[in-house]
>>> print(open('model_3.pdb').read())   # PDB, C-alpha atoms
ATOM      1  CA  GLY A   1      12.208 -25.063 -47.526  1.00  0.00           C
ATOM      2  CA  ASN A   2       8.763 -24.983 -45.979  1.00  0.00           C
ATOM      3  CA  SER A   3       7.717 -27.601 -43.466  1.00  0.00           C
ATOM      4  CA  VAL A   4       4.892 -28.380 -41.060  1.00  0.00           C
ATOM      5  CA  THR A   5       5.291 -30.411 -37.888  1.00  0.00           C
ATOM      6  CA  GLN A   6       2.248 -31.627 -36.000  1.00  0.00           C
ATOM      7  CA  MET A   7       1.939 -33.794 -32.955  1.00  0.00           C
ATOM      8  CA  GLU A   8       2.181 -37.505 -33.500  1.00  0.00           C
ATOM      9  CA  GLY A   9      -0.936 -39.501 -32.965  1.00  0.00           C
ATOM     10  CA  PRO A  10      -3.011 -41.314 -32.373  1.00  0.00           C
ATOM     11  CA  VAL A  11      -4.931 -39.194 -29.889  1.00  0.00           C
ATOM     12  CA  THR A  12      -7.748 -40.897 -27.991  1.00  0.00           C
ATOM     13  CA  LEU A  13     -10.227 -38.863 -25.945  1.00  0.00           C
ATOM     14  CA  SER A  14     -13.531 -39.370 -24.212  1.00  0.00           C
ATOM     15  CA  GLU A  15     -16.569 -37.461 -25.412  1.00  0.00           C
ATOM     16  CA  GLU A  16     -16.733 -33.862 -24.053  1.00  0.00           C
ATOM     17  CA  ALA A  17     -12.979 -33.758 -23.388  1.00  0.00           C
ATOM     18  CA  PHE A  18     -10.803 -30.793 -24.406  1.00  0.00           C
ATOM     19  CA  LEU A  19      -8.749 -31.216 -27.567  1.00  0.00           C
ATOM     20  CA  THR A  20      -5.432 -29.677 -28.533  1.00  0.00           C
ATOM     21  CA  ILE A  21      -3.437 -30.746 -31.590  1.00  0.00           C
ATOM     22  CA  ASN A  22      -0.130 -28.915 -31.854  1.00  0.00           C
ATOM     23  CA  CYS A  23       1.192 -27.579 -35.146  1.00  0.00           C
ATOM     24  CA  THR A  24       4.353 -25.593 -35.816  1.00  0.00           C
ATOM     25  CA  TYR A  25       5.711 -24.459 -39.143  1.00  0.00           C
ATOM     26  CA  THR A  26       8.797 -23.243 -40.950  1.00  0.00           C
ATOM     27  CA  ALA A  27       8.375 -20.898 -43.886  1.00  0.00           C
ATOM     28  CA  THR A  28      10.449 -18.325 -45.690  1.00  0.00           C
ATOM     29  CA  GLY A  29       7.711 -15.713 -45.984  1.00  0.00           C
ATOM     30  CA  TYR A  30       4.342 -15.023 -44.386  1.00  0.00           C
ATOM     31  CA  PRO A  31       2.233 -18.031 -45.236  1.00  0.00           C
ATOM     32  CA  SER A  32      -1.459 -18.667 -44.839  1.00  0.00           C
ATOM     33  CA  LEU A  33      -2.275 -21.524 -42.474  1.00  0.00           C
ATOM     34  CA  PHE A  34      -4.982 -24.177 -42.691  1.00  0.00           C
ATOM     35  CA  TRP A  35      -6.457 -27.103 -40.842  1.00  0.00           C
ATOM     36  CA  TYR A  36      -8.002 -29.861 -42.943  1.00  0.00           C
ATOM     37  CA  VAL A  37     -10.007 -32.848 -41.682  1.00  0.00           C
ATOM     38  CA  GLN A  38     -10.286 -36.271 -43.310  1.00  0.00           C
ATOM     39  CA  TYR A  39     -13.132 -38.558 -42.262  1.00  0.00           C
ATOM     40  CA  PRO A  40     -12.756 -42.302 -42.931  1.00  0.00           C
ATOM     41  CA  GLY A  41     -12.923 -43.157 -46.615  1.00  0.00           C
ATOM     42  CA  GLU A  42     -13.204 -39.539 -47.710  1.00  0.00           C
ATOM     43  CA  GLY A  43     -11.021 -36.771 -49.072  1.00  0.00           C
ATOM     44  CA  LEU A  44      -9.757 -33.799 -47.102  1.00  0.00           C
ATOM     45  CA  GLN A  45     -12.120 -30.981 -46.188  1.00  0.00           C
ATOM     46  CA  LEU A  46     -11.098 -27.502 -45.173  1.00  0.00           C
ATOM     47  CA  LEU A  47     -11.857 -27.007 -41.468  1.00  0.00           C
ATOM     48  CA  LEU A  48     -10.524 -23.489 -40.886  1.00  0.00           C
ATOM     49  CA  LYS A  49      -7.879 -21.051 -42.051  1.00  0.00           C
ATOM     50  CA  ALA A  50      -5.963 -17.925 -41.026  1.00  0.00           C
ATOM     51  CA  THR A  51      -4.169 -15.671 -43.448  1.00  0.00           C
ATOM     52  CA  LYS A  52      -2.124 -13.337 -41.224  1.00  0.00           C
ATOM     53  CA  ALA A  53      -0.570 -13.108 -37.787  1.00  0.00           C
ATOM     54  CA  ASP A  54      -2.992 -13.049 -34.819  1.00  0.00           C
ATOM     55  CA  ASP A  55      -5.918 -14.132 -37.007  1.00  0.00           C
ATOM     56  CA  LYS A  56      -8.164 -16.738 -35.407  1.00  0.00           C
ATOM     57  CA  GLY A  57      -9.841 -19.285 -37.648  1.00  0.00           C
ATOM     58  CA  SER A  58     -12.925 -21.052 -36.330  1.00  0.00           C
ATOM     59  CA  ASN A  59     -15.499 -23.566 -37.554  1.00  0.00           C
ATOM     60  CA  LYS A  60     -17.738 -26.241 -35.987  1.00  0.00           C
ATOM     61  CA  GLY A  61     -16.422 -25.409 -32.510  1.00  0.00           C
ATOM     62  CA  PHE A  62     -12.772 -25.751 -33.560  1.00  0.00           C
ATOM     63  CA  GLU A  63     -10.376 -22.809 -33.253  1.00  0.00           C
ATOM     64  CA  ALA A  64      -6.778 -22.048 -34.144  1.00  0.00           C
ATOM     65  CA  THR A  65      -4.792 -18.814 -33.795  1.00  0.00           C
ATOM     66  CA  TYR A  66      -1.940 -17.817 -36.119  1.00  0.00           C
ATOM     67  CA  ARG A  67       1.022 -17.123 -33.799  1.00  0.00           C
ATOM     68  CA  LYS A  68       3.892 -15.624 -35.745  1.00  0.00           C
ATOM     69  CA  GLU A  69       6.167 -15.254 -32.717  1.00  0.00           C
ATOM     70  CA  THR A  70       6.028 -18.989 -31.968  1.00  0.00           C
ATOM     71  CA  THR A  71       5.365 -20.079 -35.602  1.00  0.00           C
ATOM     72  CA  SER A  72       2.413 -22.114 -34.390  1.00  0.00           C
ATOM     73  CA  PHE A  73      -1.205 -22.807 -35.344  1.00  0.00           C
ATOM     74  CA  HIS A  74      -2.553 -25.182 -32.682  1.00  0.00           C
ATOM     75  CA  LEU A  75      -6.031 -26.663 -33.150  1.00  0.00           C
ATOM     76  CA  GLU A  76      -8.392 -26.628 -30.148  1.00  0.00           C
ATOM     77  CA  LYS A  77     -11.930 -27.661 -29.321  1.00  0.00           C
ATOM     78  CA  GLY A  78     -13.559 -27.309 -25.945  1.00  0.00           C
ATOM     79  CA  SER A  79     -15.764 -30.409 -26.032  1.00  0.00           C
ATOM     80  CA  VAL A  80     -15.204 -33.127 -28.617  1.00  0.00           C
ATOM     81  CA  GLN A  81     -17.881 -35.461 -29.951  1.00  0.00           C
ATOM     82  CA  VAL A  82     -17.696 -38.986 -31.339  1.00  0.00           C
ATOM     83  CA  SER A  83     -18.385 -37.495 -34.781  1.00  0.00           C
ATOM     84  CA  ASP A  84     -15.084 -35.550 -34.564  1.00  0.00           C
ATOM     85  CA  SER A  85     -13.137 -38.799 -34.962  1.00  0.00           C
ATOM     86  CA  ALA A  86     -10.981 -38.243 -38.043  1.00  0.00           C
ATOM     87  CA  VAL A  87      -7.466 -37.422 -39.224  1.00  0.00           C
ATOM     88  CA  TYR A  88      -6.504 -33.748 -38.890  1.00  0.00           C
ATOM     89  CA  PHE A  89      -3.891 -32.118 -41.118  1.00  0.00           C
ATOM     90  CA  CYS A  90      -2.160 -28.808 -40.553  1.00  0.00           C
ATOM     91  CA  ALA A  91      -0.976 -27.094 -43.744  1.00  0.00           C
ATOM     92  CA  LEU A  92       0.642 -23.904 -44.959  1.00  0.00           C
ATOM     93  CA  SER A  93       0.662 -22.144 -48.268  1.00  0.00           C
ATOM     94  CA  ASP A  94       3.509 -20.187 -49.664  1.00  0.00           C
ATOM     95  CA  ARG A  95       4.719 -19.107 -53.032  1.00  0.00           C
ATOM     96  CA  GLY A  96       7.454 -21.182 -54.591  1.00  0.00           C
ATOM     97  CA  GLY A  97       8.664 -19.013 -57.425  1.00  0.00           C
ATOM     98  CA  SER A  98       5.492 -17.678 -59.000  1.00  0.00           C
ATOM     99  CA  ASN A  99       3.163 -20.516 -58.120  1.00  0.00           C
ATOM    100  CA  TYR A 100       1.124 -21.523 -55.144  1.00  0.00           C
ATOM    101  CA  LYS A 101       2.010 -24.663 -53.196  1.00  0.00           C
ATOM    102  CA  LEU A 102       0.470 -26.268 -50.136  1.00  0.00           C
ATOM    103  CA  THR A 103       2.651 -28.106 -47.622  1.00  0.00           C
ATOM    104  CA  PHE A 104       0.967 -30.596 -45.272  1.00  0.00           C
ATOM    105  CA  GLY A 105       1.919 -32.067 -41.938  1.00  0.00           C
ATOM    106  CA  LYS A 106       1.757 -35.840 -41.565  1.00  0.00           C
ATOM    107  CA  GLY A 107      -1.667 -35.846 -39.943  1.00  0.00           C
ATOM    108  CA  THR A 108      -2.975 -36.681 -36.464  1.00  0.00           C
ATOM    109  CA  LEU A 109      -5.545 -39.412 -35.969  1.00  0.00           C
ATOM    110  CA  LEU A 110      -8.177 -38.488 -33.387  1.00  0.00           C
ATOM    111  CA  THR A 111     -10.487 -41.100 -31.904  1.00  0.00           C
ATOM    112  CA  VAL A 112     -13.292 -39.966 -29.594  1.00  0.00           C
ATOM    113  CA  ASN A 113     -14.953 -42.637 -27.466  1.00  0.00           C
ATOM    114  CA  PRO A 114     -18.510 -42.345 -26.089  1.00  0.00           C
TER     115      PRO A 114
ATOM    116  CA  ASN B   1     -23.029 -30.083 -56.338  1.00  0.00           C
ATOM    117  CA  ALA B   2     -20.472 -32.829 -57.070  1.00  0.00           C
ATOM    118  CA  GLY B   3     -17.323 -30.761 -56.393  1.00  0.00           C
ATOM    119  CA  VAL B   4     -14.259 -32.829 -57.335  1.00  0.00           C
ATOM    120  CA  THR B   5     -14.942 -36.271 -58.823  1.00  0.00           C
ATOM    121  CA  GLN B   6     -12.265 -38.941 -59.157  1.00  0.00           C
ATOM    122  CA  THR B   7     -12.469 -42.196 -61.088  1.00  0.00           C
ATOM    123  CA  PRO B   8     -11.930 -45.011 -60.445  1.00  0.00           C
ATOM    124  CA  LYS B   9     -12.302 -45.297 -56.660  1.00  0.00           C
ATOM    125  CA  PHE B  10     -10.290 -48.528 -56.471  1.00  0.00           C
ATOM    126  CA  GLN B  11      -7.845 -50.211 -58.827  1.00  0.00           C
ATOM    127  CA  VAL B  12      -5.444 -53.137 -58.701  1.00  0.00           C
ATOM    128  CA  LEU B  13      -2.644 -53.292 -61.264  1.00  0.00           C
ATOM    129  CA  LYS B  14       0.238 -55.575 -62.022  1.00  0.00           C
ATOM    130  CA  THR B  15       3.780 -54.228 -62.140  1.00  0.00           C
ATOM    131  CA  GLY B  16       4.484 -52.709 -65.546  1.00  0.00           C
ATOM    132  CA  GLN B  17       0.866 -51.990 -66.442  1.00  0.00           C
ATOM    133  CA  SER B  18      -0.259 -48.486 -67.272  1.00  0.00           C
ATOM    134  CA  MET B  19      -3.355 -46.587 -66.272  1.00  0.00           C
ATOM    135  CA  THR B  20      -4.845 -43.125 -66.104  1.00  0.00           C
ATOM    136  CA  LEU B  21      -6.589 -41.640 -63.090  1.00  0.00           C
ATOM    137  CA  GLN B  22      -9.312 -39.188 -63.989  1.00  0.00           C
ATOM    138  CA  CYS B  23     -10.332 -36.037 -62.154  1.00  0.00           C
ATOM    139  CA  ALA B  24     -13.030 -33.495 -62.934  1.00  0.00           C
ATOM    140  CA  GLN B  25     -14.265 -30.450 -61.028  1.00  0.00           C
ATOM    141  CA  ASP B  26     -17.460 -28.497 -61.525  1.00  0.00           C
ATOM    142  CA  MET B  27     -16.594 -25.388 -59.492  1.00  0.00           C
ATOM    143  CA  ASN B  28     -15.041 -23.450 -62.396  1.00  0.00           C
ATOM    144  CA  HIS B  29     -11.694 -23.505 -60.580  1.00  0.00           C
ATOM    145  CA  ASN B  30      -8.557 -22.487 -62.403  1.00  0.00           C
ATOM    146  CA  SER B  31      -5.992 -24.561 -60.493  1.00  0.00           C
ATOM    147  CA  MET B  32      -5.847 -28.323 -60.037  1.00  0.00           C
ATOM    148  CA  TYR B  33      -3.514 -30.672 -58.162  1.00  0.00           C
ATOM    149  CA  TRP B  34      -2.595 -34.337 -57.764  1.00  0.00           C
ATOM    150  CA  TYR B  35      -1.358 -35.687 -54.397  1.00  0.00           C
ATOM    151  CA  ARG B  36      -0.459 -39.077 -53.039  1.00  0.00           C
ATOM    152  CA  GLN B  37      -1.113 -40.078 -49.442  1.00  0.00           C
ATOM    153  CA  ASP B  38       1.014 -42.715 -47.764  1.00  0.00           C
ATOM    154  CA  PRO B  39       0.940 -43.856 -44.119  1.00  0.00           C
ATOM    155  CA  GLY B  40       3.069 -41.606 -41.930  1.00  0.00           C
ATOM    156  CA  MET B  41       3.926 -39.321 -44.859  1.00  0.00           C
ATOM    157  CA  GLY B  42       0.965 -36.999 -45.055  1.00  0.00           C
ATOM    158  CA  LEU B  43       0.104 -35.702 -48.518  1.00  0.00           C
ATOM    159  CA  ARG B  44       2.784 -35.103 -51.109  1.00  0.00           C
ATOM    160  CA  LEU B  45       2.246 -33.063 -54.263  1.00  0.00           C
ATOM    161  CA  ILE B  46       2.889 -34.948 -57.504  1.00  0.00           C
ATOM    162  CA  TYR B  47       1.943 -32.386 -60.166  1.00  0.00           C
ATOM    163  CA  TYR B  48      -0.209 -29.311 -60.367  1.00  0.00           C
ATOM    164  CA  SER B  49      -1.771 -27.088 -62.989  1.00  0.00           C
ATOM    165  CA  ALA B  50      -1.990 -23.428 -62.059  1.00  0.00           C
ATOM    166  CA  SER B  51      -4.274 -22.728 -65.008  1.00  0.00           C
ATOM    167  CA  GLU B  52      -5.566 -24.381 -68.162  1.00  0.00           C
ATOM    168  CA  GLY B  53      -2.672 -25.115 -70.485  1.00  0.00           C
ATOM    169  CA  THR B  54       0.039 -25.218 -67.807  1.00  0.00           C
ATOM    170  CA  THR B  55       1.437 -28.034 -65.662  1.00  0.00           C
ATOM    171  CA  ASP B  56       4.322 -28.135 -63.199  1.00  0.00           C
ATOM    172  CA  LYS B  57       6.137 -30.745 -61.154  1.00  0.00           C
ATOM    173  CA  GLY B  58       5.551 -31.047 -57.462  1.00  0.00           C
ATOM    174  CA  GLU B  59       7.524 -32.835 -54.789  1.00  0.00           C
ATOM    175  CA  VAL B  60       7.351 -36.414 -56.163  1.00  0.00           C
ATOM    176  CA  PRO B  61       6.784 -36.353 -59.969  1.00  0.00           C
ATOM    177  CA  ASN B  62       8.954 -39.306 -61.019  1.00  0.00           C
ATOM    178  CA  GLY B  63       6.988 -42.105 -62.691  1.00  0.00           C
ATOM    179  CA  TYR B  64       3.962 -39.916 -63.421  1.00  0.00           C
ATOM    180  CA  ASN B  65       2.650 -37.716 -66.196  1.00  0.00           C
ATOM    181  CA  VAL B  66      -0.320 -35.356 -66.239  1.00  0.00           C
ATOM    182  CA  SER B  67      -2.632 -33.750 -68.760  1.00  0.00           C
ATOM    183  CA  ARG B  68      -4.829 -30.708 -68.210  1.00  0.00           C
ATOM    184  CA  LEU B  69      -7.406 -31.673 -70.767  1.00  0.00           C
ATOM    185  CA  ASN B  70      -9.520 -28.558 -70.276  1.00  0.00           C
ATOM    186  CA  LYS B  71     -10.484 -26.293 -67.413  1.00  0.00           C
ATOM    187  CA  ARG B  72     -12.549 -29.034 -65.737  1.00  0.00           C
ATOM    188  CA  GLU B  73     -10.345 -32.093 -66.144  1.00  0.00           C
ATOM    189  CA  PHE B  74      -6.861 -33.040 -64.956  1.00  0.00           C
ATOM    190  CA  SER B  75      -5.637 -36.606 -65.440  1.00  0.00           C
ATOM    191  CA  LEU B  76      -2.710 -38.482 -63.896  1.00  0.00           C
ATOM    192  CA  ARG B  77      -0.997 -41.283 -65.832  1.00  0.00           C
ATOM    193  CA  LEU B  78       1.226 -44.078 -64.615  1.00  0.00           C
ATOM    194  CA  GLU B  79       3.122 -45.336 -67.680  1.00  0.00           C
ATOM    195  CA  SER B  80       4.713 -48.406 -66.065  1.00  0.00           C
ATOM    196  CA  ALA B  81       3.339 -49.031 -62.594  1.00  0.00           C
ATOM    197  CA  ALA B  82       5.687 -50.042 -59.779  1.00  0.00           C
ATOM    198  CA  PRO B  83       4.857 -51.406 -56.291  1.00  0.00           C
ATOM    199  CA  SER B  84       6.235 -48.162 -54.786  1.00  0.00           C
ATOM    200  CA  GLN B  85       3.322 -46.358 -56.416  1.00  0.00           C
ATOM    201  CA  THR B  86       0.799 -48.200 -54.275  1.00  0.00           C
ATOM    202  CA  SER B  87      -0.964 -45.345 -52.531  1.00  0.00           C
ATOM    203  CA  VAL B  88      -4.140 -43.317 -52.213  1.00  0.00           C
ATOM    204  CA  TYR B  89      -4.261 -40.578 -54.839  1.00  0.00           C
ATOM    205  CA  PHE B  90      -6.169 -37.351 -54.315  1.00  0.00           C
ATOM    206  CA  CYS B  91      -7.106 -34.716 -56.826  1.00  0.00           C
ATOM    207  CA  ALA B  92      -7.832 -31.181 -55.644  1.00  0.00           C
ATOM    208  CA  SER B  93      -8.795 -27.842 -57.106  1.00  0.00           C
ATOM    209  CA  SER B  94      -8.759 -24.217 -56.051  1.00  0.00           C
ATOM    210  CA  GLN B  95     -10.196 -21.012 -57.403  1.00  0.00           C
ATOM    211  CA  ALA B  96      -6.838 -19.565 -58.313  1.00  0.00           C
ATOM    212  CA  VAL B  97      -3.200 -19.536 -57.513  1.00  0.00           C
ATOM    213  CA  GLY B  98      -2.933 -17.587 -54.296  1.00  0.00           C
ATOM    214  CA  ASP B  99      -1.696 -18.069 -50.794  1.00  0.00           C
ATOM    215  CA  ASN B 100      -5.091 -17.864 -49.105  1.00  0.00           C
ATOM    216  CA  GLN B 101      -6.969 -20.087 -51.540  1.00  0.00           C
ATOM    217  CA  PRO B 102      -8.236 -23.307 -49.939  1.00  0.00           C
ATOM    218  CA  GLN B 103      -8.167 -26.486 -51.947  1.00  0.00           C
ATOM    219  CA  HIS B 104     -11.173 -28.763 -52.461  1.00  0.00           C
ATOM    220  CA  PHE B 105     -10.456 -32.484 -52.554  1.00  0.00           C
ATOM    221  CA  GLY B 106     -12.001 -35.515 -54.205  1.00  0.00           C
ATOM    222  CA  ASP B 107     -12.636 -38.739 -52.301  1.00  0.00           C
ATOM    223  CA  GLY B 108      -9.490 -40.407 -53.603  1.00  0.00           C
ATOM    224  CA  THR B 109      -8.431 -43.376 -55.731  1.00  0.00           C
ATOM    225  CA  ARG B 110      -7.010 -46.355 -53.847  1.00  0.00           C
ATOM    226  CA  LEU B 111      -4.401 -47.943 -56.078  1.00  0.00           C
ATOM    227  CA  SER B 112      -2.611 -51.233 -55.381  1.00  0.00           C
ATOM    228  CA  ILE B 113       0.225 -52.462 -57.559  1.00  0.00           C
ATOM    229  CA  LEU B 114       1.217 -56.094 -57.248  1.00  0.00           C
TER     230      LEU B 114
END
>>> encode(input="model_3.pdb", output="structure tokens")
Amino acid sequence: GNSVTQMEGPVTLSEEAFLTINCTYTATGYPSLFWYVQYPGEGLQLLLKATKADDKGSNKGFEATYRKETTSFHLEKGSVQVSDSAVYFCALSDRGGSNYKLTFGKGTLLTVNP
Amino acid sequence: NAGVTQTPKFQVLKTGQSMTLQCAQDMNHNSMYWYRQDPGMGLRLIYYSASEGTTDKGEVPNGYNVSRLNKREFSLRLESAAPSQTSVYFCASSQAVGDNQPQHFGDGTRLSIL
């Protein structure tokens, strides 16, 4: 079946540091890939997505590139801010039978200190 | 624009009690989902509704039932609550069934079962 593995947290960085959160996946077909962010006390929000190999998703300074050869979709940001503190989820979509399903990783807690 | 609205936000139940979690979306989306979020487990799909009039089991459906009341509303019912169902429950919606369709999440219902 499908699965998503992302780096264990928590990750603690100082403001303006470089961020990488690793994500690898297993899927039977050619899934679309997503990063979601969850701020404290809130639901998940879509951060970025990529729908085919070599696509780069980007939003709010975050980037991730769909790498089919390494089955990876690592999240990066060049200079993090305190406001980026949140839980980040990598996810993939694939068709199970005739219906759409989303599979999430376990989440990575990021804390950015001033 | 409210997006996805969940009620209640918090609830405490005793073992054996029943309750219904409500979810409504105002984005005219066709597909709706119920997830539970537990520490270290990420999000797991309970049930989903690809379109009005249809519902299907997800990864962890035991102990739950759902109703797609109309296009806007999708409720989750616990018939006889158990402590193992203590969790944060998220409702989500998407435009359609499709592998590049992002999901939009509510802010969650925090449910404790004593």
>>> closest_atom_pairs(input="model_3.pdb", of="chain B", to="chain A", cutoff="9 Å", atoms="all atoms listed in the file", output="tab-separated table")
residue	atom	partner	partner_atom	distance
B:Pro39	CA	A:Lys106	CA	8.5
B:Gly40	CA	A:Lys106	CA	5.9
B:Met41	CA	A:Lys106	CA	5.3
B:Gly42	CA	A:Lys106	CA	3.8
B:Leu43	CA	A:Phe104	CA	6.1
B:Arg44	CA	A:Phe104	CA	7.6
B:Leu45	CA	A:Leu102	CA	8.1
B:Tyr48	CA	A:Lys101	CA	8.8
B:Ala50	CA	A:Asn99	CA	7.1
B:Gly58	CA	A:Lys101	CA	8.5
B:Phe90	CA	A:Gly43	CA	7.2
B:Cys91	CA	A:Gly43	CA	8.9
B:Ala96	CA	A:Tyr100	CA	8.8
B:Val97	CA	A:Tyr100	CA	5.3
B:Gly98	CA	A:Tyr100	CA	5.7
B:Asp99	CA	A:Ser93	CA	5.3
B:Asn100	CA	A:Ser32	CA	5.7
B:Gln101	CA	A:Ser93	CA	8.6
B:Pro102	CA	A:Leu46	CA	7.0
B:Gln103	CA	A:Leu46	CA	7.5
B:His104	CA	A:Gln45	CA	6.7
B:Phe105	CA	A:Gly43	CA	5.6
B:Gly106	CA	A:Gly43	CA	5.4
B:Asp107	CA	A:Gly43	CA	4.1
B:Gly108	CA	A:Gly43	CA	6.0
>>> write_last_selection(input="model_3.pdb", atoms="C-alpha atoms", output="CSV table (one decimal), in the coordinates of the input")
chain,number,residue,atom,x,y,z
B,39,PRO,CA,0.9,-43.9,-44.1
B,40,GLY,CA,3.1,-41.6,-41.9
B,41,MET,CA,3.9,-39.3,-44.9
B,42,GLY,CA,1.0,-37.0,-45.1
B,43,LEU,CA,0.1,-35.7,-48.5
B,44,ARG,CA,2.8,-35.1,-51.1
B,45,LEU,CA,2.2,-33.1,-54.3
B,48,TYR,CA,-0.2,-29.3,-60.4
B,50,ALA,CA,-2.0,-23.4,-62.1
B,58,GLY,CA,5.6,-31.0,-57.5
B,90,PHE,CA,-6.2,-37.4,-54.3
B,91,CYS,CA,-7.1,-34.7,-56.8
B,96,ALA,CA,-6.8,-19.6,-58.3
B,97,VAL,CA,-3.2,-19.5,-57.5
B,98,GLY,CA,-2.9,-17.6,-54.3
B,99,ASP,CA,-1.7,-18.1,-50.8
B,100,ASN,CA,-5.1,-17.9,-49.1
B,101,GLN,CA,-7.0,-20.1,-51.5
B,102,PRO,CA,-8.2,-23.3,-49.9
B,103,GLN,CA,-8.2,-26.5,-51.9
B,104,HIS,CA,-11.2,-28.8,-52.5
B,105,PHE,CA,-10.5,-32.5,-52.6
B,106,GLY,CA,-12.0,-35.5,-54.2
B,107,ASP,CA,-12.6,-38.7,-52.3
B,108,GLY,CA,-9.5,-40.4,-53.6
>>> resolve_selection(input="model_3.pdb", expression="the PyMOL selection byres ((chain A and resi 83) around 12)", output="list in words")
Ser14, Glu15, Glu16, Val37, Gln38, Tyr39, Pro40, Lys60, Ser79, Val80, Gln81, Val82, Asp84, Ser85, Ala86, Val87, Leu110, Thr111, Val112, Asn113 and Pro114 of chain A
>>> atom_distance(input="model_3.pdb", atom1="CA of Thr55 in chain B", atom2="CA of Val12 in chain B")
26.9 Å
>>> closest_residue(input="model_3.pdb", among="A:Tyr88, A:Thr71, A:Asn59, A:Gly1", to="Trp35 in chain A", atoms="only C-alpha atoms")
A:Tyr88
>>> axis_aligned_box(input="model_3.pdb", around="range 8-16 of chain A", padding_each_side="4 Å", output="AutoDock Vina command-line options")
--center_x -7.3 --center_y -37.6 --center_z -28.8 --size_x 26.9 --size_y 15.5 --size_z 17.4
>>> residues_around(input="model_3.pdb", residues="Met7 in chain A", least_positions_apart="4", cutoff="7 Å", atoms="all atoms listed in the file", output="list in words")
Ile21, Asn22, Cys23 and Thr108 of chain A
>>> atom_distance(input="model_3.pdb", atom1="CA of Gly53 in chain B", atom2="CA of Leu69 in chain B")
8.1 Å
>>> resolve_selection(input="model_3.pdb", expression="the PyMOL selection byres ((chain B and resi 21) around 7)", output="list in words")
Thr7, Pro8, Met19, Thr20, Gln22, Cys23, Ser75, Leu76 and Arg77 of chain B
>>> closest_residue(input="model_3.pdb", among="B:Gly3, B:Gly16, B:Gly63, B:Pro83", to="Tyr47 in chain B", atoms="only C-alpha atoms")
B:Gly63
>>> resolve_selection(input="model_3.pdb", expression="the PyMOL selection byres ((chain B and resi 64) around 10)", output="list in words")
Thr20, Ile46, Tyr47, Lys57, Val60, Pro61, Asn62, Gly63, Asn65, Val66, Leu76, Arg77, Leu78, Glu79, Ser80, Ala81 and Gln85 of chain B
>>> atom_distance(input="model_3.pdb", atom1="CA of Phe18 in chain A", atom2="CA of Glu76 in chain A")
7.5 Å
>>> closest_residue(input="model_3.pdb", among="B:Gln37, B:Ser18, B:Ser84, B:Gln95", to="Ser51 in chain B", atoms="only C-alpha atoms")
B:Gln95
>>> residues_around(input="model_3.pdb", residues="Met27 in chain B", least_positions_apart="5", cutoff="9 Å", atoms="only C-alpha atoms", output="list in words")
Asn1, Ala2, Gly3, Val4, Arg72, Ser93, Ser94 and Gln95 of chain B
